Amino acid sequence: MASSLQGRLPINEDVLLMQKGTLMRKVRSKSWKKLRYFRLQEDGMTVWHARQAGGRAKPSFSISDVETVRGGHESELLRNLAEEFPLEQGFTIVFHGRRSNLDLVANSVEEAQIWMQGLQLLVDFVTNMDQQERLDQPGWLSDWFQRGDKNQDGRMSFREVQRLLHMMNVDMEQEYAFQLFQAADMSQSDTLEGEEFIEFYKALTKRDEVQELFENFSADGQKLTLLEFVDFLQEEQKEGDHASDLALELIDRYEPSESGKLRHVLSLDGFLSYLSSKDGDIFNPSCLPVYQDMTQPLNHYYINSSHNTYLVGDQLCGQSSVEGYIRALKRGCRCVEVDIWDGPSGEPIVYHGHTLTSRILFKEVVAAVAQYAFQTSDYPVILSLEIHCSREQQEIIAQHLIEILGEQLLTSTLDGLLPTQLPSPEELRRKILVKGKKLRTLEEDLEEEEEELESELEREQEAGLPLEGQAEPETPELSPRSKDKKEKVVLCQLFCLPICCQITVQAPLPKPGSPLFLKQKSTPIMCPSLSALVVYMKTVSFHSFPHSREHYRFYELSSFSETKARRLIKEAGNEFVQHNAWQLSRVYPSGLRTDSSNYNPQELWNAGCQMVAMNVQTAGLEMDICDGLFRQNGGCGYVLKPDFLRDTQSSFHPERPISPFKARTLLVQVISGQQLPKVDKTKEGCIVDPLVRVEVFGIRPDTTRQETSYVENNGFNPYWGQTLCFRVLVPELALLRFVVKDYNWRSRNDFVGQYTLPWTCMQQGYRHIHLLSKDGTRLHPASIFVHLCIREGLDGDES
C-alpha cells in the first residue's frame, strides 16, 4: 500500500526527512509544553507521534485533516512565548472544522522549515487530487490498511481483514468475505498486499442498486450509448434541452476507458464515477461559484454574521482569541463583532465585558482582520463595534483602524457624494466597513467635508471662535428624527468642540399633568475621529416600524435580540419584511445563551433579516442550517434574498403566506448508504443501525421532518428504498437537511452525519449526498444515494 501511494506522492527532500522523524515541543498553553517525536508515515498521508524516538506511537493527524500551515509569528500562543522560544522555530498546523490548532516548536529554524514546507506540499497534493485519484488512492484508504495491518508487516491476513471489516462498520457474512479475500489474493500468499487490498476494497464497494439502474437504461447491460445516456439525463436527471451536449462532456470527464471516450459510450465504472462526482451531487454545481447578481444594495442580501466573534468557548469563562476572527473570516463570515473596553497601558482590549472571559488586544484583532478578511471572499467585511471605552482609548481605536487597515478601510462614501441607497457588495469589494454609533448624520459629515474643501481658511477661523459663541450656532440642526425622542449635543467640561461632546437622549416634552423632569439616559462621550469612520452602518435604537419609516435613513440600522425579533415577526411580520427591504437589521442571540448555543436563523431569514448573528464556534443543527444557506454563491458570505423580500411594498407575511408564491411537492426516495462511520469508535464490534431523517426548514407550515425505518447492523451499504413526501408552500425560503442517525431503542438516536442545502440549489434525479460531520467537515467517503422529484402544486403521489 505504501509503495503504491509513494509512486504518486511528490518527491521532496523535506518529505523524506519528515519520514525519518523529528523531536519537537508540543505547546498547548504557557504551562503545557512537552517534547514529542513526530514522524510522517511511509504512506505519506498520516503523521504519528510518540513520547520519544522508538517509543509506542499513535496517530496524530491525517494530511487530509489539515487546512494549512502557519508560521510561528502568526500564532497567538507562540507569540506569547516569544521570549522562551524563537518564533522562527515555531509553526501551527490548522485543521479543517473546529478542531484545535496544533502548535509545535522545532529545535532549529531549519527543522521548522522542513515540516512547514513538507506539510504544505502534501496538503496541496491532497487538495489537487482529482476525483478519480481520490477513489483510487485516498489517504483514508491507506489509514484503513494501516489500522487493519495489526502487526505492521505490510500484509493483511484474513483474520486482520475480518478485524478491519468491523472497524469499517461492515457486518459481512464470513464465507462471502473469505471469497472476496481469495479472489483478491492474486499472489496466493494468504495475505493481501497494497494493490491486492485495493481490489478487495473495490469488490467490497460494488453497488448493486447502481448496476440495476444502469441496466434499466442500457440495451446490452454493458454500456450506455450516447443516446441512452441522453435519455437518462433528460428523463431522470431533468437536465433539459442541453442534455445532448452535457452527455458528451460527462462521458469525456468520467469514462475511464479511452476507447469508450472515442466511441461516446459510458461503462458501468464511468456511470458510477459520474453519480459519485460533483455533477452527480445533490448540490447543483452551477450554484457553487458566485452566480447571483452582486450589484444590488447591501440590504437585499443575507449576510453571514458572527456573534461575539472573539470567543472560542462559552460566554462566561470561555477563551477570547484572535483565532475566533481567523476562523470566522475563513469560513465566509462577512460581519464580525468586536466588544472593546479600556485596557492597561492605554491599549484597548477585547473581551465579553463583566465576565471571566480572557482578554486580547484590539490591535491584534484588527491585524488578523486585515490579513484574513479577503482570503475566502472578496466581498465587504463589516466590523460591528461595541464601544465601552473612554474618549482617549476611542482615539486609539480609530488610530489602529486607520493605520492597520489602510486602504481596506472605508472612510467616506464611495464617490464622496450623498447616496440614495446602500452600495452593493460589488461596489464594496475588498473594503472593510465600520458599524457603530455616530455623532451626526452622513449628510452633516458630507456637508462639513464640502465646506472644508471650499475654504480651509474659513474653517480655521471658525475653529478659533470663543467657545461661548460656538455653542448655539454649531449645534447641528435636528435632522428628521423621532417625535418621541430628540438628540442634542451637550457641552462637556473638557473645553472641546461640541461635536465631540456627550450625546444626551432626551425624553419627549411632558404632557399636561405629567412630571416636569424626566430621567435622562446618557451614553459615553464619543470622539469624532471614531465617529467619522462609521459611514454606511450607523446604529440606531428601534422604536417601531412607523417610527423608522418616518425618521430613519437607509444607512441607519437597528439590532434586535432573538426574542424581540421573533415577537415582531408574530405581531407585525409584513411590516418587518417591508422594513428589511430598505434598511439593514441585525439579530443577535439571547443573553441567556451563556453556553454559546444558537437559535434557528431560518425564522429570521423568513422576515428578510440580513445579519442573523451566530455563535459560529458552536456546532449543531442551527449552524448546519446557517452553513447550508451560505454554501451557495461561492461561499462569499452574501446570498441574494428572494424578490418578495426585496420589495418595500411586499405583501408577504412569514407567518401567513399567500399566493403568488408557487407551492411544490418534493418526493425523496432514500435508496442506500455507503460506508457510514461508526458512532462509537471505541467499541470494535459495534455496528450502526442507520436510518435517514429528511428535514425541511422554511416558513412555519413548511417546517417538517420524516424518516425511514432503520437497517440493522449495516453501516457499510445499507438499503432503504423508501419514499418520503413533502409539500412546500414557499420553496424559495426552504432548506433541506439530510441526517443519518444510528437507531438506539434505549435512548436518543446518535448522530452519524448530515448535509444541508437550499431548495433552490437542489438537483433532481439520482443523486449522492456526501455527508458532513457534526463539525461541518466532510466524512469522506460516507454518502447516501437518493432520487429526488419536484412537482408543481401540493398533490404528491408517492408511487
# chains A, B, ... in the order shown; residues from 1 in each chain; ligands from 1
call {"tool": "select_by_dssp", "arguments": {"residues": "stretch 69-117 of chain A", "states": "strand (DSSP E or B)", "output": "list of chain:residue names"}}
result
A:Val69, A:Arg70, A:Gly71, A:Gly90, A:Phe91, A:Thr92, A:Ile93, A:Val94, A:Phe95, A:Leu102, A:Asp103, A:Leu104, A:Val105
call {"tool": "closest_atom_pairs", "arguments": {"of": "stretch 222-311 of chain A", "to": "stretch 604-616 of chain A", "cutoff": "6 Å", "atoms": "only C-alpha atoms", "output": "Markdown table"}}
result
| residue | atom | partner | partner_atom | distance |
| --- | --- | --- | --- | --- |
| A:Tyr302 | CA | A:Gln610 | CA | 4.3 |
| A:Ile303 | CA | A:Met611 | CA | 5.2 |
| A:Ser305 | CA | A:Ala613 | CA | 4.6 |
| A:Ser306 | CA | A:Ala613 | CA | 4.7 |
| A:His307 | CA | A:Ala613 | CA | 5.0 |
call {"tool": "residues_around", "arguments": {"residues": "A:Leu788", "least_positions_apart": "4", "cutoff": "7 Å", "atoms": "only C-alpha atoms", "output": "CSV table (one decimal) with all heavy atoms, in the first residue's frame"}}
result
chain,number,residue,atom,x,y,z
A,667,LEU,N,-40.7,14.7,-3.7
A,667,LEU,CA,-40.7,13.3,-3.4
A,667,LEU,C,-39.2,12.9,-3.3
A,667,LEU,O,-38.4,13.1,-4.2
A,667,LEU,CB,-41.3,12.4,-4.5
A,667,LEU,CG,-42.8,12.7,-4.8
A,667,LEU,CD1,-43.3,11.9,-6.0
A,667,LEU,CD2,-43.6,12.4,-3.6
A,668,VAL,N,-38.8,12.3,-2.1
A,668,VAL,CA,-37.5,11.9,-1.9
A,668,VAL,C,-37.5,10.4,-1.6
A,668,VAL,O,-38.0,9.9,-0.7
A,668,VAL,CB,-36.9,12.6,-0.6
A,668,VAL,CG1,-35.4,12.1,-0.4
A,668,VAL,CG2,-36.9,14.1,-0.7
A,669,GLN,N,-36.8,9.7,-2.6
A,669,GLN,CA,-36.7,8.2,-2.4
A,669,GLN,C,-35.3,8.0,-1.8
A,669,GLN,O,-34.3,8.3,-2.5
A,669,GLN,CB,-36.8,7.5,-3.7
A,669,GLN,CG,-36.7,5.9,-3.5
A,669,GLN,CD,-36.6,5.2,-4.8
A,669,GLN,OE1,-36.4,5.7,-5.9
A,669,GLN,NE2,-36.7,3.9,-4.7
A,764,GLN,N,-32.5,17.6,-9.2
A,764,GLN,CA,-33.4,16.4,-9.2
A,764,GLN,C,-32.7,15.2,-9.8
A,764,GLN,O,-31.6,15.3,-10.4
A,764,GLN,CB,-34.6,16.8,-10.1
A,764,GLN,CG,-35.5,17.9,-9.5
A,764,GLN,CD,-36.7,18.1,-10.3
A,764,GLN,OE1,-37.6,17.2,-10.2
A,764,GLN,NE2,-36.9,19.2,-11.0
A,765,GLY,N,-33.3,14.1,-9.6
A,765,GLY,CA,-32.9,12.8,-10.2
A,765,GLY,C,-32.1,12.0,-9.2
A,765,GLY,O,-32.3,12.1,-8.0
A,766,TYR,N,-31.3,11.0,-9.7
A,766,TYR,CA,-30.5,10.2,-8.9
A,766,TYR,C,-29.2,10.9,-8.4
A,766,TYR,O,-28.4,11.3,-9.2
A,766,TYR,CB,-30.1,8.9,-9.6
A,766,TYR,CG,-31.3,7.9,-9.8
A,766,TYR,CD1,-32.0,8.0,-11.0
A,766,TYR,CD2,-31.7,7.1,-8.8
A,766,TYR,CE1,-33.1,7.1,-11.2
A,766,TYR,CE2,-32.8,6.2,-9.0
A,766,TYR,CZ,-33.5,6.3,-10.2
A,766,TYR,OH,-34.6,5.4,-10.3
call {"tool": "residues_around", "arguments": {"residues": "A:Asn574", "least_positions_apart": "5", "cutoff": "8 Å", "atoms": "only C-alpha atoms", "output": "count of residues only"}}
result
7
call {"tool": "residues_around", "arguments": {"residues": "A:Arg253", "least_positions_apart": "6", "cutoff": "9 Å", "atoms": "only C-alpha atoms", "output": "PyMOL selection string"}}
result
chain A and resi 261+270+274
call {"tool": "closest_residue", "arguments": {"among": "A:Arg25, A:Arg327, A:Arg553, A:Arg163", "to": "A:Glu111", "atoms": "only C-alpha atoms"}}
result
A:Arg25
call {"tool": "closest_residue", "arguments": {"among": "A:Asn284, A:Thr594, A:Gln211, A:Gln408", "to": "A:Tyr372", "atoms": "only C-alpha atoms"}}
result
A:Gln408
call {"tool": "residues_around", "arguments": {"residues": "A:Val109", "least_positions_apart": "6", "cutoff": "10 Å", "atoms": "only C-alpha atoms", "output": "PyMOL selection string"}}
result
chain A and resi 86-90
call {"tool": "decode", "arguments": {"residues": "stretch 717-736 of chain A", "atoms": "N, CA and C atoms", "output": "PDB file, in the first residue's frame"}}
result
ATOM      1  N   ASN A 717     -23.191  -0.698   3.548  1.00  0.00           N
ATOM      2  CA  ASN A 717     -24.016  -0.497   2.349  1.00  0.00           C
ATOM      3  C   ASN A 717     -25.493  -0.734   2.653  1.00  0.00           C
ATOM      4  N   PRO A 718     -26.068   0.002   3.633  1.00  0.00           N
ATOM      5  CA  PRO A 718     -27.483  -0.199   3.981  1.00  0.00           C
ATOM      6  C   PRO A 718     -28.394   0.172   2.812  1.00  0.00           C
ATOM      7  N   TYR A 719     -29.519  -0.528   2.712  1.00  0.00           N
ATOM      8  CA  TYR A 719     -30.504  -0.240   1.663  1.00  0.00           C
ATOM      9  C   TYR A 719     -31.848   0.042   2.321  1.00  0.00           C
ATOM     10  N   TRP A 720     -32.465   1.167   1.943  1.00  0.00           N
ATOM     11  CA  TRP A 720     -33.780   1.523   2.484  1.00  0.00           C
ATOM     12  C   TRP A 720     -34.873   1.436   1.411  1.00  0.00           C
ATOM     13  N   GLY A 721     -34.695   2.112   0.296  1.00  0.00           N
ATOM     14  CA  GLY A 721     -35.690   2.075  -0.777  1.00  0.00           C
ATOM     15  C   GLY A 721     -37.040   2.632  -0.370  1.00  0.00           C
ATOM     16  N   GLN A 722     -37.053   3.668   0.478  1.00  0.00           N
ATOM     17  CA  GLN A 722     -38.301   4.251   0.965  1.00  0.00           C
ATOM     18  C   GLN A 722     -38.481   5.672   0.431  1.00  0.00           C
ATOM     19  N   THR A 723     -39.746   6.048   0.152  1.00  0.00           N
ATOM     20  CA  THR A 723     -40.049   7.363  -0.413  1.00  0.00           C
ATOM     21  C   THR A 723     -40.764   8.233   0.617  1.00  0.00           C
ATOM     22  N   LEU A 724     -40.293   9.456   0.748  1.00  0.00           N
ATOM     23  CA  LEU A 724     -40.863  10.444   1.661  1.00  0.00           C
ATOM     24  C   LEU A 724     -41.446  11.599   0.836  1.00  0.00           C
ATOM     25  N   CYS A 725     -42.553  12.154   1.284  1.00  0.00           N
ATOM     26  CA  CYS A 725     -43.257  13.195   0.511  1.00  0.00           C
ATOM     27  C   CYS A 725     -43.376  14.472   1.334  1.00  0.00           C
ATOM     28  N   PHE A 726     -42.993  15.614   0.726  1.00  0.00           N
ATOM     29  CA  PHE A 726     -43.041  16.908   1.408  1.00  0.00           C
ATOM     30  C   PHE A 726     -43.795  17.910   0.538  1.00  0.00           C
ATOM     31  N   ARG A 727     -44.704  18.660   1.149  1.00  0.00           N
ATOM     32  CA  ARG A 727     -45.453  19.702   0.450  1.00  0.00           C
ATOM     33  C   ARG A 727     -44.996  21.053   0.982  1.00  0.00           C
ATOM     34  N   VAL A 728     -44.488  21.898   0.097  1.00  0.00           N
ATOM     35  CA  VAL A 728     -43.812  23.131   0.497  1.00  0.00           C
ATOM     36  C   VAL A 728     -44.498  24.324  -0.164  1.00  0.00           C
ATOM     37  N   LEU A 729     -44.925  25.289   0.661  1.00  0.00           N
ATOM     38  CA  LEU A 729     -45.653  26.464   0.159  1.00  0.00           C
ATOM     39  C   LEU A 729     -44.717  27.518  -0.425  1.00  0.00           C
ATOM     40  N   VAL A 730     -43.580  27.743   0.234  1.00  0.00           N
ATOM     41  CA  VAL A 730     -42.648  28.788  -0.206  1.00  0.00           C
ATOM     42  C   VAL A 730     -41.266  28.158  -0.408  1.00  0.00           C
ATOM     43  N   PRO A 731     -41.051  27.482  -1.531  1.00  0.00           N
ATOM     44  CA  PRO A 731     -39.771  26.802  -1.751  1.00  0.00           C
ATOM     45  C   PRO A 731     -38.578  27.744  -1.807  1.00  0.00           C
ATOM     46  N   GLU A 732     -38.810  29.024  -2.186  1.00  0.00           N
ATOM     47  CA  GLU A 732     -37.691  29.970  -2.277  1.00  0.00           C
ATOM     48  C   GLU A 732     -36.983  30.166  -0.936  1.00  0.00           C
ATOM     49  N   LEU A 733     -37.686  29.895   0.173  1.00  0.00           N
ATOM     50  CA  LEU A 733     -37.100  30.080   1.505  1.00  0.00           C
ATOM     51  C   LEU A 733     -36.692  28.761   2.158  1.00  0.00           C
ATOM     52  N   ALA A 734     -36.967  27.643   1.518  1.00  0.00           N
ATOM     53  CA  ALA A 734     -36.779  26.344   2.164  1.00  0.00           C
ATOM     54  C   ALA A 734     -35.335  25.857   2.085  1.00  0.00           C
ATOM     55  N   LEU A 735     -34.902  25.194   3.150  1.00  0.00           N
ATOM     56  CA  LEU A 735     -33.640  24.454   3.164  1.00  0.00           C
ATOM     57  C   LEU A 735     -33.943  23.003   3.494  1.00  0.00           C
ATOM     58  N   LEU A 736     -33.153  22.101   2.912  1.00  0.00           N
ATOM     59  CA  LEU A 736     -33.300  20.669   3.163  1.00  0.00           C
ATOM     60  C   LEU A 736     -32.106  20.171   3.961  1.00  0.00           C
TER      61      LEU A 736
END
